[in-house]
$ cat input11.txt   # compact mmCIF, C-alpha atoms
# COMPACT_ATOMS: atom_id res chain seq x y z
CA MET A 1 98.03 132.64 122.51
CA THR A 2 99.16 134.02 119.16
CA LEU A 3 101.82 131.93 117.44
CA ILE A 4 103.70 131.88 114.16
CA LEU A 5 105.01 128.62 112.69
CA PHE A 6 108.02 129.49 110.59
CA GLY A 7 110.17 127.33 108.34
CA ALA A 8 110.96 126.45 104.76
CA PRO A 9 108.53 124.44 102.62
CA GLY A 10 108.65 120.86 103.90
CA ALA A 11 109.85 121.77 107.41
CA GLY A 12 106.80 120.16 109.04
CA LYS A 13 104.71 123.21 109.88
CA GLY A 14 101.38 121.56 109.05
CA THR A 15 102.12 118.50 111.20
CA GLN A 16 103.07 120.55 114.25
CA SER A 17 100.20 122.95 113.70
CA ALA A 18 97.70 120.12 114.20
CA SER A 19 99.18 119.40 117.66
CA LEU A 20 99.08 123.07 118.65
CA ILE A 21 95.41 123.35 117.66
CA GLU A 22 94.58 120.53 120.06
CA ALA A 23 96.76 121.89 122.86
CA TYR A 24 95.62 125.53 122.78
CA HIS A 25 92.14 125.30 121.19
CA ILE A 26 92.86 128.06 118.71
CA PRO A 27 92.56 127.92 114.91
CA ALA A 28 95.47 127.37 112.57
CA ILE A 29 95.53 129.78 109.68
CA ALA A 30 97.46 127.98 106.95
CA THR A 31 98.03 130.48 104.18
CA GLY A 32 98.98 127.74 101.74
CA ASP A 33 95.54 126.15 102.15
CA MET A 34 93.88 129.55 101.81
CA LEU A 35 95.78 130.27 98.61
CA ARG A 36 94.98 126.87 97.12
CA ALA A 37 91.30 127.44 97.92
CA GLN A 38 91.46 130.77 96.10
CA ARG A 39 93.11 129.03 93.14
CA ARG A 40 90.42 126.32 92.99
CA ALA A 41 87.70 128.98 93.12
CA GLY A 42 88.77 130.18 89.68
CA SER A 43 88.17 133.83 90.59
CA ALA A 44 90.31 136.70 89.35
CA LEU A 45 92.15 136.62 92.69
CA GLY A 46 92.55 132.86 92.34
CA GLU A 47 94.13 133.24 88.92
CA GLN A 48 96.64 135.74 90.32
CA VAL A 49 97.50 133.34 93.13
CA LYS A 50 97.83 130.38 90.74
CA SER A 51 100.34 132.16 88.51
CA TYR A 52 102.71 132.74 91.43
CA MET A 53 102.28 129.37 93.16
CA ASP A 54 102.83 127.29 90.02
CA ARG A 55 106.20 129.02 89.52
CA GLY A 56 107.21 128.50 93.15
CA GLU A 57 107.26 132.28 93.69
CA LEU A 58 106.00 134.20 96.73
CA VAL A 59 102.58 135.80 96.41
CA PRO A 60 103.10 139.61 96.57
CA ASP A 61 102.90 141.22 100.01
CA ALA A 62 99.89 143.42 99.25
CA LEU A 63 97.83 140.45 98.07
CA MET A 64 98.79 138.30 101.05
CA ILE A 65 98.12 141.04 103.59
CA ASP A 66 94.59 141.57 102.25
CA ILE A 67 93.84 137.83 102.54
CA ILE A 68 95.26 137.58 106.08
CA ARG A 69 93.50 140.71 107.36
CA GLU A 70 90.13 139.31 106.27
CA ARG A 71 90.84 136.00 108.04
CA LEU A 72 92.01 137.55 111.34
CA GLU A 73 88.78 139.51 111.61
CA GLN A 74 86.70 136.30 111.83
CA PRO A 75 85.26 135.41 115.28
CA ASP A 76 87.22 132.18 115.81
CA ALA A 77 90.52 134.09 115.79
CA LYS A 78 89.59 136.38 118.67
CA ARG A 79 91.16 134.18 121.39
CA GLY A 80 94.34 133.60 119.42
CA PHE A 81 95.56 131.76 116.35
CA ILE A 82 98.46 129.93 114.76
CA LEU A 83 99.84 131.41 111.55
CA ASP A 84 101.34 128.80 109.23
CA GLY A 85 103.06 130.22 106.14
CA PHE A 86 102.75 133.91 106.99
CA PRO A 87 104.64 136.19 107.27
CA ARG A 88 107.18 135.27 104.61
CA THR A 89 108.99 138.58 104.32
CA VAL A 90 110.07 141.29 106.76
CA GLY A 91 107.58 143.62 105.08
CA GLN A 92 104.76 141.17 105.83
CA ALA A 93 105.97 140.81 109.44
CA GLN A 94 105.89 144.57 109.91
CA ALA A 95 102.41 144.75 108.40
CA LEU A 96 101.27 141.93 110.71
CA ASP A 97 102.67 143.73 113.77
CA SER A 98 100.80 146.85 112.70
CA MET A 99 97.52 144.96 112.23
CA LEU A 100 97.81 143.25 115.61
CA ASP A 101 98.69 146.52 117.32
CA GLN A 102 95.47 148.02 115.98
CA LEU A 103 93.61 145.06 117.50
CA GLY A 104 95.40 145.41 120.84
CA ARG A 105 97.22 142.12 120.34
CA ARG A 106 100.74 140.86 119.67
CA VAL A 107 102.69 137.79 118.53
CA ASP A 108 103.61 135.71 121.59
CA ALA A 109 106.15 133.36 120.00
CA VAL A 110 107.62 132.41 116.62
CA ILE A 111 108.45 128.72 116.27
CA TYR A 112 111.21 128.26 113.70
CA LEU A 113 111.55 124.69 112.40
CA ARG A 114 115.15 124.45 111.20
CA VAL A 115 115.77 121.81 108.49
CA SER A 116 118.70 121.43 106.08
CA ARG A 117 118.23 122.20 102.38
CA GLN A 118 118.81 118.61 101.21
CA VAL A 119 116.36 117.14 103.71
CA LEU A 120 113.74 119.67 102.58
CA ILE A 121 114.26 118.72 98.93
CA ASP A 122 113.94 115.01 99.76
CA ARG A 123 110.76 115.57 101.77
CA LEU A 124 108.97 117.69 99.18
CA ALA A 125 109.92 115.53 96.21
CA HIS A 126 108.04 112.62 97.84
CA ARG A 127 105.00 114.57 99.08
CA TYR A 128 101.47 114.01 97.74
CA SER A 129 98.20 115.79 98.53
CA CYS A 130 94.48 115.02 98.39
CA ARG A 131 92.68 116.91 95.64
CA THR A 132 89.62 117.53 97.79
CA CYS A 133 90.77 118.07 101.41
CA ASP A 134 94.52 118.89 100.95
CA ALA A 135 95.62 116.15 103.41
CA VAL A 136 99.35 115.49 102.91
CA TYR A 137 101.14 112.13 102.54
CA THR A 138 104.74 111.06 101.94
CA PHE A 139 105.54 108.09 99.69
CA THR A 140 108.72 106.51 98.35
CA PRO A 141 109.06 106.40 94.53
CA GLN A 142 108.00 102.74 94.64
CA GLN A 143 104.87 103.53 96.69
CA ALA A 144 104.06 106.51 94.47
CA SER A 145 103.73 104.24 91.43
CA ARG A 146 100.48 102.88 92.95
CA LEU A 147 98.97 105.70 94.99
CA PRO A 148 96.15 104.79 97.40
CA ARG A 149 93.15 107.03 98.04
CA CYS A 150 93.06 109.66 100.79
CA THR A 151 92.35 108.08 104.18
CA VAL A 152 90.36 111.17 105.24
CA ASP A 153 87.77 111.42 102.48
CA GLY A 154 88.80 108.92 99.80
CA GLY A 155 89.93 111.66 97.45
CA GLU A 156 92.48 111.24 94.67
CA LEU A 157 96.11 111.83 95.64
CA TYR A 158 98.40 113.81 93.38
CA GLN A 159 101.70 115.71 93.46
CA ARG A 160 101.18 119.46 93.54
CA PRO A 161 102.94 121.36 90.73
CA ASP A 162 105.08 123.24 93.26
CA ASP A 163 106.23 119.95 94.89
CA ARG A 164 107.78 118.57 91.72
CA THR A 165 111.54 118.11 91.83
CA GLU A 166 112.30 120.86 89.33
CA ILE A 167 110.35 123.41 91.41
CA VAL A 168 111.31 122.28 94.92
CA ALA A 169 114.90 123.57 94.93
CA HIS A 170 113.73 126.93 93.62
CA ARG A 171 111.07 127.21 96.36
CA ILE A 172 113.70 126.61 99.01
CA ASP A 173 116.04 129.18 97.46
CA VAL A 174 113.19 131.70 97.45
CA PHE A 175 112.65 130.99 101.16
CA LEU A 176 116.32 131.48 101.96
CA LYS A 177 116.49 134.75 100.05
CA HIS A 178 113.24 136.40 101.15
CA THR A 179 112.13 134.68 104.34
CA ALA A 180 115.31 133.83 106.25
CA PRO A 181 115.77 137.53 107.25
CA LEU A 182 112.74 136.98 109.51
CA ILE A 183 115.06 135.01 111.79
CA ASP A 184 116.90 138.23 112.60
CA TYR A 185 113.66 140.22 112.79
CA TYR A 186 112.05 138.00 115.42
CA THR A 187 115.31 137.30 117.25
CA ALA A 188 115.60 141.06 117.80
CA GLN A 189 112.11 140.98 119.34
CA HIS A 190 113.13 138.05 121.60
CA LYS A 191 110.30 135.94 120.19
CA LEU A 192 112.11 133.29 118.13
CA GLU A 193 112.13 129.68 119.36
CA ASN A 194 114.74 127.82 117.26
CA ILE A 195 113.66 124.16 116.92
CA ASP A 196 115.58 121.29 115.28
CA GLY A 197 113.01 120.23 112.66
CA GLN A 198 115.01 117.14 111.70
CA MET A 199 114.13 115.36 114.94
CA SER A 200 111.21 112.93 114.93
CA VAL A 201 107.70 114.38 114.85
CA ASP A 202 107.18 113.49 118.52
CA GLU A 203 110.52 115.00 119.57
CA VAL A 204 109.74 118.24 117.75
CA ARG A 205 106.29 118.37 119.37
CA THR A 206 107.77 117.80 122.84
CA ASP A 207 110.37 120.54 122.38
CA ILE A 208 107.74 123.03 121.19
CA THR A 209 105.42 122.19 124.10
CA ARG A 210 108.22 122.56 126.63
CA ARG A 211 109.25 125.97 125.33
CA LEU A 212 105.72 127.35 125.10
CA SER A 213 104.96 126.12 128.63
CA ALA A 214 108.04 127.98 129.88
CA LEU A 215 106.92 131.14 128.06
CA ARG A 216 103.45 130.99 129.61
CA LYS A 217 104.85 130.47 133.09
CA GLY A 218 107.20 133.39 132.57
CA ALA A 219 104.35 135.62 131.41
CA GLY A 220 102.22 134.56 134.40
CA SER A 221 104.97 135.48 136.87
CA ARG A 222 105.32 139.01 135.58

$ encode --input "input11.txt" --output "structure tokens"
Amino acid sequence: MTLILFGAPGAGKGTQSASLIEAYHIPAIATGDMLRAQRRAGSALGEQVKSYMDRGELVPDALMIDIIRERLEQPDAKRGFILDGFPRTVGQAQALDSMLDQLGRRVDAVIYLRVSRQVLIDRLAHRYSCRTCDAVYTFTPQQASRLPRCTVDGGELYQRPDDRTEIVAHRIDVFLKHTAPLIDYYTAQHKLENIDGQMSVDEVRTDITRRLSALRKGAGSR
């Protein structure tokens, strides 16, 4: 199965992606993680990526498409994959459709996690990440004054530059301007699954599972 997880920064894509990996045994391709890895590498490409991410801007389509194409050609993506954070523009979506068509594949479903602007701002302003493995945590301001270590690998926790309050609102506005048109794009293809991302994590997971099960049964009956 080929899936896209779609939603504004802070909508919960990473959390739901982990459940989908376990359910369908396909890799999650999180473009945010890929971009941060490029940035840490300190290469020329990494420096380009860093300049956009630190301002809360979208990485240009041509750069993103090159990164994604390389990843989709790896063996573990042959049976399917979950895209988290890509596409972010209609131009990227069209390029993705073209790439998949060349591979004899297609997007099966687009899961849109719908969350209000204020909830997104609140979530991101309290989000912290591990410097070494990128695991994500949420802390209240009181908890953040004495951050623990990462429970995965003991790494130092920090707040990413693009999660700081002054950047968060801008990131969401960028999403609304450039990425929200994808709702219409995938609705027209009858692939959009509109999910209330403000439900609990378990409720969101259950709704996604129910809808994907219905899609698979429908495909099997044709």

$ closest_residue --input "input11.txt" --among "A:Leu100, A:Ala144, A:Met34, A:Leu58" --to "Phe175 of chain A" --atoms "only C-alpha atoms"
A:Leu58

$ atom_distance --input "input11.txt" --atom1 "atom CA of Ala180 of chain A" --atom2 "atom CA of Asp84 of chain A"
15.1 Å

$ closest_residue --input "input11.txt" --among "A:Asp61, A:Asp54, A:Asp202, A:Asp101" --to "Arg36 of chain A" --atoms "only C-alpha atoms"
A:Asp54

$ closest_residue --input "input11.txt" --among "A:Leu215, A:Leu157, A:Ala125, A:Val49" --to "Ala169 of chain A" --atoms "only C-alpha atoms"
A:Ala125

$ closest_atom_pairs --input "input11.txt" --of "segment 104-210 of chain A" --to "segment 16-32 of chain A" --cutoff "8 Å" --atoms "only C-alpha atoms" --output "CSV"
residue,atom,partner,partner_atom,distance
A:Val201,CA,A:Gln16,CA,7.7
A:Val204,CA,A:Gln16,CA,7.9
A:Arg205,CA,A:Gln16,CA,6.4

$ closest_residue --input "input11.txt" --among "A:Thr2, A:Gln38, A:Thr89, A:Gln198" --to "Lys177 of chain A" --atoms "only C-alpha atoms"
A:Thr89

$ atom_distance --input "input11.txt" --atom1 "atom CA of Pro75 of chain A" --atom2 "atom CA of Arg39 of chain A"
24.3 Å

$ closest_residue --input "input11.txt" --among "A:Thr206, A:Gln74, A:Gln118, A:Ser129" --to "Asp162 of chain A" --atoms "all atoms listed in the file"
A:Ser129

$ residues_around --input "input11.txt" --residues "Asp163 of chain A" --least-positions-apart "3" --cutoff "6 Å" --atoms "only C-alpha atoms" --output "list in words"
Leu124, Ala125, Arg160 and Val168 of chain A

$ closest_residue --input "input11.txt" --among "A:Phe139, A:Met64, A:Gln48, A:Phe6" --to "Gln92 of chain A" --atoms "only C-alpha atoms"
A:Met64

$ atom_distance --input "input11.txt" --atom1 "atom CA of Lys78 of chain A" --atom2 "atom CA of Asp108 of chain A"
14.3 Å

$ residues_around --input "input11.txt" --residues "Ala93 of chain A" --least-positions-apart "2" --cutoff "12 Å" --atoms "only C-alpha atoms" --output "PyMOL selection string"
chain A and resi 4+6+61+64-65+68+83+85-91+95-100+106-107+110+178-179+181-186+189

$ write_last_selection --input "input11.txt" --atoms "C-alpha atoms" --output "PDB file, keeping the file's coordinate frame"
ATOM      1  CA  ILE A   4     103.700 131.880 114.160  1.00  0.00           C
ATOM      2  CA  PHE A   6     108.020 129.490 110.590  1.00  0.00           C
ATOM      3  CA  ASP A  61     102.900 141.220 100.010  1.00  0.00           C
ATOM      4  CA  MET A  64      98.790 138.300 101.050  1.00  0.00           C
ATOM      5  CA  ILE A  65      98.120 141.040 103.590  1.00  0.00           C
ATOM      6  CA  ILE A  68      95.260 137.580 106.080  1.00  0.00           C
ATOM      7  CA  LEU A  83      99.840 131.410 111.550  1.00  0.00           C
ATOM      8  CA  GLY A  85     103.060 130.220 106.140  1.00  0.00           C
ATOM      9  CA  PHE A  86     102.750 133.910 106.990  1.00  0.00           C
ATOM     10  CA  PRO A  87     104.640 136.190 107.270  1.00  0.00           C
ATOM     11  CA  ARG A  88     107.180 135.270 104.610  1.00  0.00           C
ATOM     12  CA  THR A  89     108.990 138.580 104.320  1.00  0.00           C
ATOM     13  CA  VAL A  90     110.070 141.290 106.760  1.00  0.00           C
ATOM     14  CA  GLY A  91     107.580 143.620 105.080  1.00  0.00           C
ATOM     15  CA  ALA A  95     102.410 144.750 108.400  1.00  0.00           C
ATOM     16  CA  LEU A  96     101.270 141.930 110.710  1.00  0.00           C
ATOM     17  CA  ASP A  97     102.670 143.730 113.770  1.00  0.00           C
ATOM     18  CA  SER A  98     100.800 146.850 112.700  1.00  0.00           C
ATOM     19  CA  MET A  99      97.520 144.960 112.230  1.00  0.00           C
ATOM     20  CA  LEU A 100      97.810 143.250 115.610  1.00  0.00           C
ATOM     21  CA  ARG A 106     100.740 140.860 119.670  1.00  0.00           C
ATOM     22  CA  VAL A 107     102.690 137.790 118.530  1.00  0.00           C
ATOM     23  CA  VAL A 110     107.620 132.410 116.620  1.00  0.00           C
ATOM     24  CA  HIS A 178     113.240 136.400 101.150  1.00  0.00           C
ATOM     25  CA  THR A 179     112.130 134.680 104.340  1.00  0.00           C
ATOM     26  CA  PRO A 181     115.770 137.530 107.250  1.00  0.00           C
ATOM     27  CA  LEU A 182     112.740 136.980 109.510  1.00  0.00           C
ATOM     28  CA  ILE A 183     115.060 135.010 111.790  1.00  0.00           C
ATOM     29  CA  ASP A 184     116.900 138.230 112.600  1.00  0.00           C
ATOM     30  CA  TYR A 185     113.660 140.220 112.790  1.00  0.00           C
ATOM     31  CA  TYR A 186     112.050 138.000 115.420  1.00  0.00           C
ATOM     32  CA  GLN A 189     112.110 140.980 119.340  1.00  0.00           C
TER      33      GLN A 189
END

$ residues_near_point --input "input11.txt" --point "(92.3, 112.2, 98.5)" --cutoff "8 Å" --atoms "all atoms listed in the file" --output "list in words"
Ser129, Cys130, Arg131, Thr132, Cys133, Asp134, Ala135, Arg149, Cys150, Thr151, Val152, Asp153, Gly154, Gly155, Glu156 and Leu157 of chain A

$ residues_around --input "input11.txt" --residues "Ile195 of chain A" --least-positions-apart "2" --cutoff "8 Å" --atoms "only C-alpha atoms" --output "PyMOL selection string"
chain A and resi 111-114+193+197+204+207-208

$ write_last_selection --input "input11.txt" --atoms "C-alpha atoms" --output "mmCIF file, in the coordinates of the input"
data_model
loop_
_atom_site.group_PDB
_atom_site.id
_atom_site.type_symbol
_atom_site.label_atom_id
_atom_site.label_comp_id
_atom_site.auth_asym_id
_atom_site.auth_seq_id
_atom_site.Cartn_x
_atom_site.Cartn_y
_atom_site.Cartn_z
ATOM 1 C CA ILE A 111 108.450 128.720 116.270
ATOM 2 C CA TYR A 112 111.210 128.260 113.700
ATOM 3 C CA LEU A 113 111.550 124.690 112.400
ATOM 4 C CA ARG A 114 115.150 124.450 111.200
ATOM 5 C CA GLU A 193 112.130 129.680 119.360
ATOM 6 C CA GLY A 197 113.010 120.230 112.660
ATOM 7 C CA VAL A 204 109.740 118.240 117.750
ATOM 8 C CA ASP A 207 110.370 120.540 122.380
ATOM 9 C CA ILE A 208 107.740 123.030 121.190
#

$ decode --input "input11.txt" --residues "segment 188-209 of chain A" --atoms "C-alpha atoms" --output "JSON list (two decimals), in the first residue's frame"
[["chain", "number", "residue", "atom", "x", "y", "z"],
["A", 188, "ALA", "CA", -10.61, 15.46, -7.08],
["A", 189, "GLN", "CA", -8.78, 12.12, -7.34],
["A", 190, "HIS", "CA", -11.12, 10.59, -4.70],
["A", 191, "LYS", "CA", -8.13, 9.70, -2.52],
["A", 192, "LEU", "CA", -8.47, 12.07, 0.44],
["A", 193, "GLU", "CA", -9.44, 10.66, 3.86],
["A", 194, "ASN", "CA", -10.34, 13.65, 6.07],
["A", 195, "ILE", "CA", -9.48, 12.79, 9.70],
["A", 196, "ASP", "CA", -10.16, 14.87, 12.83],
["A", 197, "GLY", "CA", -6.60, 15.22, 14.15],
["A", 198, "GLN", "CA", -7.78, 16.79, 17.41],
["A", 199, "MET", "CA", -9.13, 13.49, 18.70],
["A", 200, "SER", "CA", -6.95, 11.40, 21.01],
["A", 201, "VAL", "CA", -4.04, 9.52, 19.46],
["A", 202, "ASP", "CA", -5.90, 6.22, 19.82],
["A", 203, "GLU", "CA", -9.11, 7.61, 18.30],
["A", 204, "VAL", "CA", -7.20, 8.99, 15.31],
["A", 205, "ARG", "CA", -5.44, 5.64, 14.85],
["A", 206, "THR", "CA", -8.74, 3.75, 14.99],
["A", 207, "ASP", "CA", -10.38, 6.04, 12.42],
["A", 208, "ILE", "CA", -7.43, 5.69, 10.03],
["A", 209, "THR", "CA", -7.40, 1.89, 10.39]]
